[in-house]
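J.: Just one file: input.cif, with mmCIF, C-alpha atoms and all ligand atoms.
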```
data_input
loop_
_atom_site.label_atom_id
_atom_site.label_comp_id
_atom_site.auth_asym_id
_atom_site.auth_seq_id
_atom_site.Cartn_x
_atom_site.Cartn_y
_atom_site.Cartn_z
CA MET A 1178 12.68 4.30 111.55
CA SER A 1179 13.63 7.06 109.13
CA ALA A 1180 14.69 5.75 105.76
CA GLY A 1181 16.90 7.25 103.09
CA VAL A 1182 19.28 10.17 103.03
CA PRO A 1183 18.45 13.72 104.19
CA ASP A 1184 18.06 16.94 102.18
CA VAL A 1185 18.28 15.89 98.53
CA ASP A 1186 17.97 18.25 95.54
CA LEU A 1187 14.92 17.31 93.42
CA GLY A 1188 15.86 19.71 90.60
CA PRO A 1189 17.55 17.04 88.45
CA LEU A 1190 14.73 14.58 89.24
CA ASN A 1191 11.86 16.55 87.63
CA THR A 1192 11.85 17.20 83.89
CA LEU A 1193 10.22 20.63 84.30
CA ALA A 1194 13.40 21.49 86.27
CA LEU A 1195 11.64 23.32 89.10
CA PRO A 1196 13.60 23.88 92.30
CA GLY A 1197 12.87 21.88 95.44
CA ARG A 1198 14.45 19.60 98.02
CA ALA A 1199 13.28 16.40 99.68
CA ALA A 1200 13.62 16.20 103.47
CA ARG A 1201 14.49 12.55 102.92
CA TYR A 1202 15.17 10.53 99.78
CA LEU A 1203 15.38 6.79 99.23
CA ARG A 1204 16.37 5.19 95.95
CA VAL A 1205 14.77 1.76 95.68
CA THR A 1206 16.41 -0.76 93.35
CA ALA A 1207 14.70 -3.91 94.67
CA ALA A 1208 11.08 -4.35 95.76
CA GLY A 1209 12.26 -5.84 99.06
CA GLN A 1210 13.63 -2.44 100.15
CA LEU A 1211 10.12 -0.98 100.35
CA ALA A 1212 9.32 -2.63 103.64
CA GLY A 1213 11.83 -0.33 105.35
CA ALA A 1214 10.57 2.84 103.69
CA ASP A 1215 7.93 4.03 106.13
CA GLY A 1216 9.35 7.55 106.34
CA GLY A 1217 7.15 8.49 109.26
CA SER A 1218 5.35 11.49 107.81
CA ARG A 1219 4.50 12.31 104.21
CA ARG A 1220 5.69 10.18 101.36
CA PHE A 1221 5.84 10.56 97.58
CA VAL A 1222 6.63 7.85 95.06
CA LEU A 1223 8.77 9.20 92.24
CA GLY A 1224 9.41 7.62 88.85
CA GLY A 1225 10.96 9.57 85.97
CA GLY A 1226 9.64 12.90 87.30
CA SER A 1227 8.26 13.69 83.84
CA ASN A 1228 4.66 14.30 84.85
CA LEU A 1229 5.35 16.37 87.92
CA VAL A 1230 5.10 20.01 89.02
CA LEU A 1231 7.18 20.55 92.15
CA THR A 1232 5.54 23.25 94.25
CA GLY A 1233 8.53 23.64 96.56
CA ASP A 1234 10.42 21.63 99.15
CA PHE A 1235 8.89 18.30 100.13
CA ALA A 1236 8.81 17.78 103.88
CA GLY A 1237 8.52 13.99 103.75
CA LEU A 1238 10.22 10.99 102.18
CA VAL A 1239 10.64 10.74 98.40
CA VAL A 1240 10.76 7.09 97.37
CA HIS A 1241 12.49 6.96 93.99
CA ILE A 1242 11.59 3.75 92.20
CA ALA A 1243 14.56 2.42 90.22
CA ILE A 1244 13.68 -1.29 90.15
CA PRO A 1245 15.14 -2.86 86.99
CA GLY A 1246 14.28 -6.00 85.06
CA ARG A 1247 12.55 -7.14 81.90
CA ARG A 1248 11.64 -10.64 80.81
CA LEU A 1249 9.19 -12.79 78.91
CA LEU A 1250 7.00 -14.16 81.68
CA ARG A 1251 5.14 -16.66 79.50
CA GLU A 1252 3.50 -17.04 76.14
CA ASP A 1253 0.42 -18.84 74.90
CA ALA A 1254 -1.12 -19.31 71.49
CA ASP A 1255 -2.50 -15.78 71.50
CA ALA A 1256 -0.03 -13.51 73.22
CA TRP A 1257 3.32 -12.77 74.82
CA TYR A 1258 3.24 -11.73 78.48
CA VAL A 1259 6.18 -9.44 79.17
CA GLU A 1260 7.13 -8.16 82.60
CA ALA A 1261 9.20 -5.09 83.43
CA GLY A 1262 10.47 -3.61 86.67
CA ALA A 1263 8.80 -0.31 87.57
CA GLY A 1264 12.07 1.61 87.32
CA GLU A 1265 12.78 0.67 83.71
CA ASN A 1266 12.86 3.59 81.30
CA TRP A 1267 9.61 3.40 79.31
CA HIS A 1268 11.05 4.14 75.87
CA ASP A 1269 13.99 1.75 76.28
CA PHE A 1270 11.57 -0.97 77.35
CA VAL A 1271 9.35 -0.40 74.31
CA GLN A 1272 12.34 -0.53 71.96
CA TRP A 1273 13.54 -3.74 73.63
CA THR A 1274 10.14 -5.45 73.15
CA LEU A 1275 10.26 -4.54 69.46
CA ALA A 1276 13.81 -5.89 69.12
CA GLN A 1277 12.66 -9.18 70.69
CA GLY A 1278 9.93 -9.48 68.05
CA TRP A 1279 7.04 -8.73 70.43
CA PRO A 1280 5.18 -5.82 68.85
CA GLY A 1281 2.27 -3.86 70.27
CA LEU A 1282 3.73 -0.93 72.16
CA GLU A 1283 5.31 0.87 69.16
CA ASN A 1284 2.82 3.77 69.17
CA LEU A 1285 3.97 4.64 72.69
CA SER A 1286 7.63 5.10 71.70
CA LEU A 1287 9.56 8.05 73.14
CA ILE A 1288 7.09 8.83 75.93
CA PRO A 1289 9.28 10.00 78.82
CA GLY A 1290 9.16 8.39 82.24
CA THR A 1291 9.24 4.92 83.74
CA VAL A 1292 7.32 1.68 83.29
CA GLY A 1293 5.91 1.94 86.81
CA ALA A 1294 4.44 5.40 86.26
CA ALA A 1295 2.84 4.46 82.95
CA PRO A 1296 -0.32 2.82 84.40
CA VAL A 1297 -0.93 5.64 86.90
CA GLN A 1298 -2.04 8.04 84.19
CA ASN A 1299 -2.72 5.39 81.53
CA ILE A 1300 -0.24 6.92 79.08
CA GLY A 1301 -1.45 7.21 75.53
CA ALA A 1302 -0.39 8.53 72.17
CA TYR A 1303 -1.14 8.19 68.46
CA GLY A 1304 -4.25 6.07 68.76
CA LEU A 1305 -3.13 3.72 71.54
CA GLU A 1306 -3.47 3.72 75.31
CA LEU A 1307 -1.45 1.62 77.71
CA ALA A 1308 -4.70 0.00 78.94
CA GLU A 1309 -5.00 -1.82 75.60
CA ARG A 1310 -1.72 -3.69 76.16
CA PHE A 1311 -1.83 -3.97 79.94
CA HIS A 1312 -2.22 -7.28 81.75
CA SER A 1313 -1.54 -6.72 85.47
CA LEU A 1314 0.76 -5.07 87.94
CA THR A 1315 2.31 -5.68 91.33
CA ALA A 1316 2.47 -2.94 93.93
CA TRP A 1317 3.50 -2.42 97.53
CA ASP A 1318 0.93 -1.04 99.97
CA PHE A 1319 2.84 0.99 102.59
CA GLU A 1320 -0.08 0.97 105.04
CA LYS A 1321 -0.80 -2.75 104.89
CA GLN A 1322 2.92 -3.51 104.47
CA ALA A 1323 2.08 -6.05 101.77
CA PHE A 1324 2.33 -6.60 98.03
CA PHE A 1325 -0.83 -6.89 95.94
CA THR A 1326 -1.60 -7.44 92.27
CA VAL A 1327 -4.23 -5.72 90.15
CA ASP A 1328 -5.52 -6.86 86.76
CA ARG A 1329 -6.71 -4.66 83.93
CA ASP A 1330 -10.31 -4.29 85.10
CA GLY A 1331 -9.11 -3.61 88.62
CA CYS A 1332 -7.04 -0.68 87.39
CA ARG A 1333 -10.22 1.16 86.22
CA PHE A 1334 -8.37 2.78 83.33
CA ALA A 1335 -9.85 5.82 81.60
CA TYR A 1336 -8.42 8.75 79.63
CA ARG A 1337 -5.22 9.69 81.52
CA ASP A 1338 -6.77 8.11 84.61
CA SER A 1339 -6.64 4.96 86.74
CA LEU A 1340 -7.42 3.47 90.14
CA PHE A 1341 -4.21 5.06 91.44
CA LYS A 1342 -5.38 8.57 90.60
CA GLN A 1343 -9.02 7.91 91.53
CA GLU A 1344 -8.00 6.76 95.01
CA GLY A 1345 -5.41 9.51 95.42
CA TRP A 1346 -2.69 6.92 96.00
CA HIS A 1347 -0.26 8.65 93.65
CA ARG A 1348 -0.60 11.86 95.73
CA ASP A 1349 -0.32 10.50 99.22
CA GLY A 1350 2.35 7.92 98.45
CA ARG A 1351 0.20 5.07 99.74
CA VAL A 1352 1.24 2.64 97.03
CA ALA A 1353 4.36 1.97 94.95
CA ILE A 1354 4.04 0.01 91.73
CA THR A 1355 6.97 -2.42 91.53
CA ALA A 1356 6.41 -4.38 88.28
CA VAL A 1357 4.05 -4.34 85.30
CA VAL A 1358 3.02 -7.18 82.98
CA PHE A 1359 1.98 -6.42 79.41
CA ARG A 1360 -0.10 -8.65 77.16
CA LEU A 1361 1.10 -8.31 73.57
CA PRO A 1362 -1.23 -10.15 71.16
CA LYS A 1363 0.45 -12.30 68.52
CA ALA A 1364 -2.22 -11.26 66.02
CA TRP A 1365 -0.58 -7.86 65.58
CA ARG A 1366 -2.44 -5.14 63.77
CA PRO A 1367 -0.89 -1.77 62.98
CA VAL A 1368 -2.50 1.26 64.63
CA CYS A 1369 -1.76 4.03 62.18
CA GLY A 1370 -5.04 5.87 61.75
CA TYR A 1371 -3.67 8.94 63.52
CA ALA A 1372 -3.12 11.59 60.84
CA ASP A 1373 0.39 12.60 61.97
CA VAL A 1374 1.64 9.00 61.96
CA ALA A 1375 -0.06 8.12 58.66
CA GLY A 1376 1.46 11.26 57.15
CA GLU A 1377 4.93 10.37 58.39
CA LEU A 1378 4.66 6.81 57.03
CA GLY A 1379 3.48 8.22 53.70
CA ALA A 1380 6.40 10.65 53.61
CA GLN A 1381 8.76 7.72 54.17
CA GLY A 1382 7.15 5.93 51.22
CA ILE A 1383 5.54 3.32 53.47
CA ALA A 1384 1.92 3.43 52.44
CA SER A 1385 -0.96 1.02 52.00
CA PRO A 1386 -1.59 -1.56 50.66
CA THR A 1387 1.77 -2.75 52.08
CA PRO A 1388 1.24 -2.73 55.86
CA PRO A 1389 3.96 -0.96 57.83
CA THR A 1390 6.13 -2.97 60.21
CA PRO A 1391 6.03 -2.31 63.98
CA ARG A 1392 9.51 -0.81 63.66
CA ALA A 1393 8.37 1.56 60.90
CA ILE A 1394 5.49 2.75 63.08
CA ALA A 1395 7.84 3.27 66.03
CA ASP A 1396 10.18 5.28 63.80
CA ALA A 1397 7.28 7.37 62.47
CA VAL A 1398 6.06 8.07 66.02
CA ILE A 1399 9.58 8.99 67.10
CA ALA A 1400 9.94 11.36 64.13
CA VAL A 1401 6.60 13.05 64.86
CA ARG A 1402 7.37 13.43 68.55
CA ARG A 1403 10.86 14.84 67.85
CA ARG A 1404 9.33 17.35 65.46
CA LYS A 1405 6.51 18.53 67.72
CA LEU A 1406 7.51 17.96 71.32
CA PRO A 1407 10.44 19.54 73.16
CA ASP A 1408 13.13 17.21 74.52
CA PRO A 1409 13.04 17.76 78.30
CA ALA A 1410 16.83 17.46 78.41
CA VAL A 1411 17.01 20.58 76.22
CA ILE A 1412 13.84 22.55 77.08
CA PRO A 1413 12.45 21.48 80.46
CA ASN A 1414 8.75 20.46 80.29
CA ALA A 1415 6.27 17.93 81.66
CA GLY A 1416 4.57 16.89 78.40
CA SER A 1417 0.98 17.96 77.85
CA PHE A 1418 0.25 20.41 80.64
CA PHE A 1419 -3.55 20.22 80.41
CA HIS A 1420 -6.02 17.43 79.72
CA ASN A 1421 -7.92 17.54 76.49
CA PRO A 1422 -11.30 18.63 77.88
CA VAL A 1423 -14.20 16.22 77.50
CA VAL A 1424 -17.52 18.06 77.17
CA GLU A 1425 -21.17 17.21 76.60
CA ARG A 1426 -22.21 16.71 72.99
CA GLY A 1427 -24.43 19.84 73.02
CA ALA A 1428 -21.58 22.03 74.24
CA ALA A 1429 -19.28 20.66 71.54
CA ASP A 1430 -21.89 21.27 68.84
CA ALA A 1431 -22.36 24.85 70.00
CA LEU A 1432 -18.60 25.48 69.94
CA ARG A 1433 -18.22 23.82 66.55
CA ALA A 1434 -20.98 26.05 65.12
CA ARG A 1435 -18.90 29.07 66.07
CA HIS A 1436 -15.50 27.51 65.33
CA PRO A 1437 -15.84 24.98 62.48
CA GLN A 1438 -12.11 24.14 62.62
CA LEU A 1439 -12.22 22.95 66.25
CA PRO A 1440 -10.85 19.38 66.41
CA CYS A 1441 -13.45 17.13 68.12
CA TYR A 1442 -13.12 13.45 69.04
CA PRO A 1443 -16.41 11.69 69.90
CA GLN A 1444 -16.03 9.42 72.95
CA PRO A 1445 -17.68 6.03 73.54
CA ASP A 1446 -19.89 7.57 76.25
CA GLY A 1447 -21.41 10.11 73.83
CA ARG A 1448 -19.36 13.05 75.07
CA VAL A 1449 -16.76 14.82 72.94
CA LYS A 1450 -13.05 15.39 73.57
CA LEU A 1451 -11.71 18.75 72.38
CA ALA A 1452 -8.10 19.52 71.43
CA ALA A 1453 -6.71 21.70 74.22
CA GLY A 1454 -3.68 22.57 72.07
CA TRP A 1455 -5.95 24.06 69.43
CA LEU A 1456 -7.93 26.05 72.02
CA ILE A 1457 -4.69 27.40 73.52
CA GLU A 1458 -3.30 28.31 70.12
CA GLN A 1459 -6.51 30.11 69.12
CA ALA A 1460 -6.47 31.95 72.44
CA GLY A 1461 -3.12 33.40 71.40
CA TRP A 1462 -0.82 31.40 73.62
CA LYS A 1463 1.15 29.27 71.16
CA GLY A 1464 4.81 30.29 71.51
CA LYS A 1465 3.89 32.96 74.04
CA ASP A 1466 5.84 33.44 77.28
CA LEU A 1467 5.10 35.13 80.57
CA GLY A 1468 8.48 35.55 82.23
CA PRO A 1469 10.48 32.33 81.97
CA VAL A 1470 7.44 30.08 81.38
CA GLY A 1471 5.60 29.77 78.10
CA MET A 1472 3.60 27.47 75.84
CA TYR A 1473 5.76 25.68 73.28
CA GLU A 1474 5.89 27.13 69.79
CA ARG A 1475 5.32 23.78 68.01
CA GLN A 1476 2.73 22.30 70.41
CA ALA A 1477 0.75 24.79 72.46
CA LEU A 1478 -0.35 22.15 74.98
CA VAL A 1479 3.19 21.82 76.33
CA LEU A 1480 4.24 24.30 78.99
CA VAL A 1481 7.99 24.97 78.92
CA ASN A 1482 10.51 26.33 81.39
CA ARG A 1483 12.80 28.63 79.38
CA GLY A 1484 15.28 28.61 82.25
CA GLY A 1485 15.30 29.37 85.95
CA ALA A 1486 11.53 29.24 86.43
CA THR A 1487 9.95 28.91 89.87
CA VAL A 1488 6.58 27.37 90.64
CA ALA A 1489 5.16 30.90 90.92
CA ASP A 1490 6.14 31.50 87.28
CA VAL A 1491 4.45 28.23 86.31
CA ARG A 1492 1.27 29.14 88.19
CA ARG A 1493 1.14 32.57 86.55
CA THR A 1494 1.37 31.21 83.00
CA MET A 1495 -0.97 28.34 83.81
CA ALA A 1496 -3.63 30.71 85.18
CA ALA A 1497 -3.26 33.11 82.26
CA VAL A 1498 -3.72 30.31 79.72
CA GLN A 1499 -6.74 28.91 81.59
CA ALA A 1500 -8.29 32.38 81.76
CA ALA A 1501 -7.70 33.05 78.06
CA VAL A 1502 -9.29 29.75 77.01
CA ARG A 1503 -12.21 30.20 79.40
CA GLU A 1504 -12.84 33.69 78.12
CA LYS A 1505 -12.72 32.80 74.43
CA PHE A 1506 -14.39 29.38 74.50
CA GLY A 1507 -16.03 28.99 77.92
CA VAL A 1508 -14.00 25.80 78.43
CA ALA A 1509 -12.15 24.99 81.66
CA LEU A 1510 -8.70 23.42 81.28
CA THR A 1511 -7.52 21.11 84.05
CA VAL A 1512 -3.86 20.55 84.81
CA GLU A 1513 -2.55 17.16 83.70
CA PRO A 1514 0.68 16.57 85.68
CA ILE A 1515 0.75 15.93 89.41
CA LEU A 1516 1.28 19.00 91.59
CA LEU A 1517 3.45 18.02 94.52
N1 LIG B 1 -3.31 21.50 67.79
C1 LIG B 1 -3.27 22.80 67.40
N2 LIG B 1 -2.30 23.61 67.93
C2 LIG B 1 -1.38 23.14 68.81
C3 LIG B 1 -1.44 21.82 69.23
C4 LIG B 1 -2.41 20.99 68.69
O1 LIG B 1 -4.08 23.26 66.62
O2 LIG B 1 -0.53 23.94 69.22
C5 LIG B 1 -4.31 20.61 67.19
C6 LIG B 1 -3.65 19.63 66.21
O3 LIG B 1 -3.51 20.18 64.94
C7 LIG B 1 -4.60 18.46 66.23
C8 LIG B 1 -5.12 18.48 67.66
O4 LIG B 1 -4.89 19.79 68.17
O5 LIG B 1 -5.68 18.69 65.36
C9 LIG B 1 -4.48 17.44 68.55
O6 LIG B 1 -3.07 17.69 68.62
P1 LIG B 1 -1.99 16.50 68.78
O7 LIG B 1 -2.28 15.45 67.79
O8 LIG B 1 -0.64 17.13 68.78
O9 LIG B 1 -2.30 15.86 70.19
P2 LIG B 1 -2.82 16.49 71.57
O10 LIG B 1 -4.28 16.18 71.71
O11 LIG B 1 -2.40 17.90 71.69
C10 LIG B 1 -2.47 14.28 72.89
C11 LIG B 1 -1.79 13.81 74.14
C12 LIG B 1 -0.29 13.71 73.93
C13 LIG B 1 -0.03 12.74 72.79
C14 LIG B 1 -0.74 13.23 71.54
C15 LIG B 1 -0.62 12.28 70.38
C16 LIG B 1 -3.18 14.61 76.00
C17 LIG B 1 -3.31 15.56 77.15
N3 LIG B 1 -2.07 14.73 75.24
O12 LIG B 1 -2.01 15.60 72.63
O13 LIG B 1 0.27 13.17 75.13
O14 LIG B 1 1.36 12.61 72.54
O15 LIG B 1 -2.17 13.39 71.84
O16 LIG B 1 -1.46 11.20 70.56
O17 LIG B 1 -4.04 13.78 75.80
C18 LIG B 1 1.13 13.83 77.23
O18 LIG B 1 0.13 13.33 77.74
O19 LIG B 1 2.01 14.36 77.95
C19 LIG B 1 1.26 13.86 75.79
C20 LIG B 1 2.27 14.49 75.15
#
```
As structure tokens, how would this structure be written, given the file I've shared?
Ligand code: EPU
T.:
Amino acid sequence: MSAGVPDVDLGPLNTLALPGRAARYLRVTAAGQLAGADGGSRRFVLGGGSNLVLTGDFAGLVVHIAIPGRRLLREDADAWYVEAGAGENWHDFVQWTLAQGWPGLENLSLIPGTVGAAPVQNIGAYGLELAERFHSLTAWDFEKQAFFTVDRDGCRFAYRDSLFKQEGWHRDGRVAITAVVFRLPKAWRPVCGYADVAGELGAQGIASPTPPTPRAIADAVIAVRRRKLPDPAVIPNAGSFFHNPVVERGAADALRARHPQLPCYPQPDGRVKLAAGWLIEQAGWKGKDLGPVGMYERQALVLVNRGGATVADVRRTMAAVQAAVREKFGVALTVEPILL
């Protein structure tokens, strides 16, 4: 059985605004519809399209997850357990939890995309990763034609990584996440160690010893993001285009000896995460364009489509940036969004 409608334009469905069409397209607004979405050949599960590089037309079925819903599942003495449908807009969901008086996700305000895509790459920002507030999720396995649930350990979360990426399920469309449950501890503690957020709170006159409210942190994060990151509705982009590279301690020490300003973040495993944005800026690519694709002038880690770009333009700028950073620092940058 072939599901969905034929020949759909994917341009409006990817925030980098690259051209491409889906041979078939199915918008799913209830988990029960997934059983009919076999598609026959290739399949891709689409959320907000904000972490995606379209490499052209897609010959298979695009399953667009638009499942709504948000509710308090239960609460105990220690936490609220809040469930959201995978198609919910991430930012709107975060703001809703705050309005209900269930804090914990405020640092992740204004991240584009959907609730269902958030666990795939373990979204993170300003000192918090989704994994720290995640409880479990429900997903549909297209091969087994069955739902399954995965808890936090089962998701094997790491920096911008999860079970779904490790198993390649996000690439081959094997699995569609349908709902996510968050565990929001009642013993709330502000996470505002990140310099940009602390600076913003200070500028707003909200400084220690008075602890900021969850709402104040959300507002500070929103202000920082608006200042540094381009709004995809105005300047098409897919967020950070490269991972922050994680290198061995010795390699980081050697680089730091030559470049004392290099931002370094020691990791629990002894390795060191480097700031790709800094490397790109120092390699001369901040605010620099090659044709219609460049690196954003206020955050060099964000690749932007200045208008009318094709995937060839993206690949050219991407390769030039990788080559410049490799040449100057000997560091390899890997692409962060999914190439479809
Ligand atoms: N930096 C520069 N020049 C730049 C950009 C950054 O020197 O053009 C320096 C900054 O001054 C800072 C360091 O690099 O010392 C880190 O920069 P920033 O705090 O802006 O964060 P990032 O490491 O570039 C990561 C995430 C972002 C997330 C921010 C805030 C990745 C790949 N990116 O960026 O996530 O919003 O931290 O926590 O980990 C995304 O994944 O799409 C994304 C936007």
J.: Set the distance at 9 Å and use only C-alpha atoms: which residues neighbour Leu1285 of chain A once local chain neighbours fewer than 5 positions away are removed? I'd like the list as a PyMOL selection string.
T.: chain A and resi 1267-1268+1271+1300-1303+1305-1307+1395+1398
J.: Could you give me, as a list in words, the residues within 7 Å of segment 1413-1426 of chain A, counting only C-alpha atoms and dropping anything in the same chain fewer than 6 positions from it?
T.: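 Neighbouring residues, sequence-local ones excluded: Thr1192, Leu1193, Ala1194, Ser1227, Asn1228, Leu1229, Gly1447, Arg1448, Val1449, Lys1450, Leu1451, Ala1452, Ala1453, Leu1478, Val1479, Leu1480, Val1481, Asn1482, Leu1510, Thr1511, Val1512, Glu1513 and Pro1514 of chain A.
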J.: Separation of atom CA of Ala1335 of chain A and atom CA of Ala1364 of chain A, in Å?
T.: 24.3 Å
J.: So how far away is atom CA of Val1470 of chain A from atom CA of Asp1184 of chain A, in Å?
T.: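 Separation between atom CA of Asp1184 of chain A and atom CA of Val1470 of chain A: 26.8 Å.
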J.: For a quick check of understanding, using all atoms listed in the file, which of A:Ile1394, A:Ile1399, A:Leu1406, A:Val1182 has the smallest distance to ligand LIG 1 (chain B)?
T.: A:Leu1406
J.: Between A:Lys1465, A:Arg1198, A:Lys1342, A:His1312, which residue has the minimum interatomic distance to ligand LIG 1 (chain B), considering all atoms listed in the file?
T.: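 Closest residue, counting all atoms listed in the file: A:Lys1465.
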J.: Set the distance at 6 Å and use all atoms listed in the file: which residues neighbour segment 1278-1283 of chain A once local chain neighbours fewer than 3 positions away are removed? I'd like the list as JSON, numbers by chain.
T.: {"A": [1274, 1275, 1286, 1361, 1395]}
J.: Got a sec: who's within 10 Å of Leu1190 of chain A, counting only C-alpha atoms, leaving out chain neighbours fewer than 3 positions off, as a list in words?
T.: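 Listing them by chain and then by number gives Asp1186, Leu1187, Leu1193, Ala1194, Leu1195, Pro1196, Gly1197, Leu1223, Gly1224, Gly1225, Gly1226, Ser1227, Leu1229 and His1241 of chain A.
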J.: Using only C-alpha atoms and all ligand atoms, which of the listed residues (A:Arg1201, A:Arg1392, A:Arg1435, A:Arg1337) sits closest to ligand LIG 1 (chain B)?
T.: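 Residue with the minimum atom-to-atom distance to ligand LIG 1 (chain B): A:Arg1337.
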J.: Pick the closest to Gly1262 of chain A from A:Thr1326, A:Ala1214, A:Gln1438, A:Val1357: which is it, counting all atoms listed in the file?
T.: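 Using all atoms listed in the file, the shortest distance to Gly1262 of chain A belongs to A:Val1357.
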J.: Can you pull out every residue within 12 Å of Pro1389 of chain A, counting all atoms listed in the file, but drop anything in the same chain fewer than 2 positions away, and send it as a ChimeraX atom specification?
T.: /A:1283,1365-1370,1374-1375,1377-1379,1381-1387,1391-1397
J.: Please complete segment 1266-1272 of chain A so it has all heavy atoms, and hand it over as a PDB file, in the frame of the given file.
T.:
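The resulting file, selection-v2.pdb, is reproduced below:
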```pdb
ATOM      1  N   ASN A1266      13.223   2.456  82.158  1.00  0.00           N
ATOM      2  CA  ASN A1266      12.860   3.590  81.300  1.00  0.00           C
ATOM      3  C   ASN A1266      11.827   3.116  80.274  1.00  0.00           C
ATOM      4  O   ASN A1266      12.034   2.104  79.596  1.00  0.00           O
ATOM      5  CB  ASN A1266      14.117   4.109  80.602  1.00  0.00           C
ATOM      6  CG  ASN A1266      13.803   5.180  79.584  1.00  0.00           C
ATOM      7  OD1 ASN A1266      13.477   4.885  78.436  1.00  0.00           O
ATOM      8  ND2 ASN A1266      13.879   6.418  80.000  1.00  0.00           N
ATOM      9  N   TRP A1267      10.710   3.841  80.173  1.00  0.00           N
ATOM     10  CA  TRP A1267       9.610   3.400  79.310  1.00  0.00           C
ATOM     11  C   TRP A1267      10.048   3.201  77.859  1.00  0.00           C
ATOM     12  O   TRP A1267       9.805   2.160  77.245  1.00  0.00           O
ATOM     13  CB  TRP A1267       8.431   4.386  79.375  1.00  0.00           C
ATOM     14  CG  TRP A1267       7.396   4.016  78.371  1.00  0.00           C
ATOM     15  CD1 TRP A1267       7.227   4.552  77.128  1.00  0.00           C
ATOM     16  CD2 TRP A1267       6.448   2.932  78.474  1.00  0.00           C
ATOM     17  NE1 TRP A1267       6.224   3.893  76.456  1.00  0.00           N
ATOM     18  CE2 TRP A1267       5.741   2.904  77.264  1.00  0.00           C
ATOM     19  CE3 TRP A1267       6.148   2.001  79.479  1.00  0.00           C
ATOM     20  CZ2 TRP A1267       4.735   1.968  77.025  1.00  0.00           C
ATOM     21  CZ3 TRP A1267       5.139   1.076  79.239  1.00  0.00           C
ATOM     22  CH2 TRP A1267       4.450   1.065  78.031  1.00  0.00           C
ATOM     23  N   HIS A1268      10.681   4.204  77.292  1.00  0.00           N
ATOM     24  CA  HIS A1268      11.050   4.140  75.870  1.00  0.00           C
ATOM     25  C   HIS A1268      12.026   2.985  75.599  1.00  0.00           C
ATOM     26  O   HIS A1268      11.862   2.248  74.626  1.00  0.00           O
ATOM     27  CB  HIS A1268      11.662   5.476  75.434  1.00  0.00           C
ATOM     28  CG  HIS A1268      12.185   5.457  74.035  1.00  0.00           C
ATOM     29  ND1 HIS A1268      11.361   5.411  72.928  1.00  0.00           N
ATOM     30  CD2 HIS A1268      13.465   5.446  73.553  1.00  0.00           C
ATOM     31  CE1 HIS A1268      12.111   5.395  71.827  1.00  0.00           C
ATOM     32  NE2 HIS A1268      13.371   5.406  72.179  1.00  0.00           N
ATOM     33  N   ASP A1269      13.021   2.836  76.468  1.00  0.00           N
ATOM     34  CA  ASP A1269      13.990   1.750  76.280  1.00  0.00           C
ATOM     35  C   ASP A1269      13.275   0.396  76.337  1.00  0.00           C
ATOM     36  O   ASP A1269      13.592  -0.517  75.562  1.00  0.00           O
ATOM     37  CB  ASP A1269      15.081   1.791  77.351  1.00  0.00           C
ATOM     38  CG  ASP A1269      15.969   3.019  77.206  1.00  0.00           C
ATOM     39  OD1 ASP A1269      15.908   3.679  76.146  1.00  0.00           O
ATOM     40  OD2 ASP A1269      16.710   3.324  78.160  1.00  0.00           O
ATOM     41  N   PHE A1270      12.322   0.282  77.248  1.00  0.00           N
ATOM     42  CA  PHE A1270      11.570  -0.970  77.350  1.00  0.00           C
ATOM     43  C   PHE A1270      10.786  -1.243  76.062  1.00  0.00           C
ATOM     44  O   PHE A1270      10.799  -2.368  75.533  1.00  0.00           O
ATOM     45  CB  PHE A1270      10.621  -0.909  78.558  1.00  0.00           C
ATOM     46  CG  PHE A1270       9.632  -2.038  78.610  1.00  0.00           C
ATOM     47  CD1 PHE A1270      10.062  -3.346  78.810  1.00  0.00           C
ATOM     48  CD2 PHE A1270       8.276  -1.793  78.424  1.00  0.00           C
ATOM     49  CE1 PHE A1270       9.147  -4.394  78.837  1.00  0.00           C
ATOM     50  CE2 PHE A1270       7.367  -2.842  78.446  1.00  0.00           C
ATOM     51  CZ  PHE A1270       7.801  -4.140  78.652  1.00  0.00           C
ATOM     52  N   VAL A1271      10.127  -0.221  75.549  1.00  0.00           N
ATOM     53  CA  VAL A1271       9.350  -0.400  74.310  1.00  0.00           C
ATOM     54  C   VAL A1271      10.271  -0.841  73.163  1.00  0.00           C
ATOM     55  O   VAL A1271       9.956  -1.779  72.423  1.00  0.00           O
ATOM     56  CB  VAL A1271       8.595   0.908  73.936  1.00  0.00           C
ATOM     57  CG1 VAL A1271       7.969   0.795  72.555  1.00  0.00           C
ATOM     58  CG2 VAL A1271       7.528   1.224  74.992  1.00  0.00           C
ATOM     59  N   GLN A1272      11.429  -0.184  73.051  1.00  0.00           N
ATOM     60  CA  GLN A1272      12.340  -0.530  71.960  1.00  0.00           C
ATOM     61  C   GLN A1272      12.858  -1.968  72.129  1.00  0.00           C
ATOM     62  O   GLN A1272      13.040  -2.699  71.147  1.00  0.00           O
ATOM     63  CB  GLN A1272      13.523   0.456  71.885  1.00  0.00           C
ATOM     64  CG  GLN A1272      13.100   1.910  71.730  1.00  0.00           C
ATOM     65  CD  GLN A1272      12.012   2.132  70.690  1.00  0.00           C
ATOM     66  OE1 GLN A1272      12.210   1.879  69.501  1.00  0.00           O
ATOM     67  NE2 GLN A1272      10.833   2.592  71.120  1.00  0.00           N
TER      68      GLN A1272
END
```
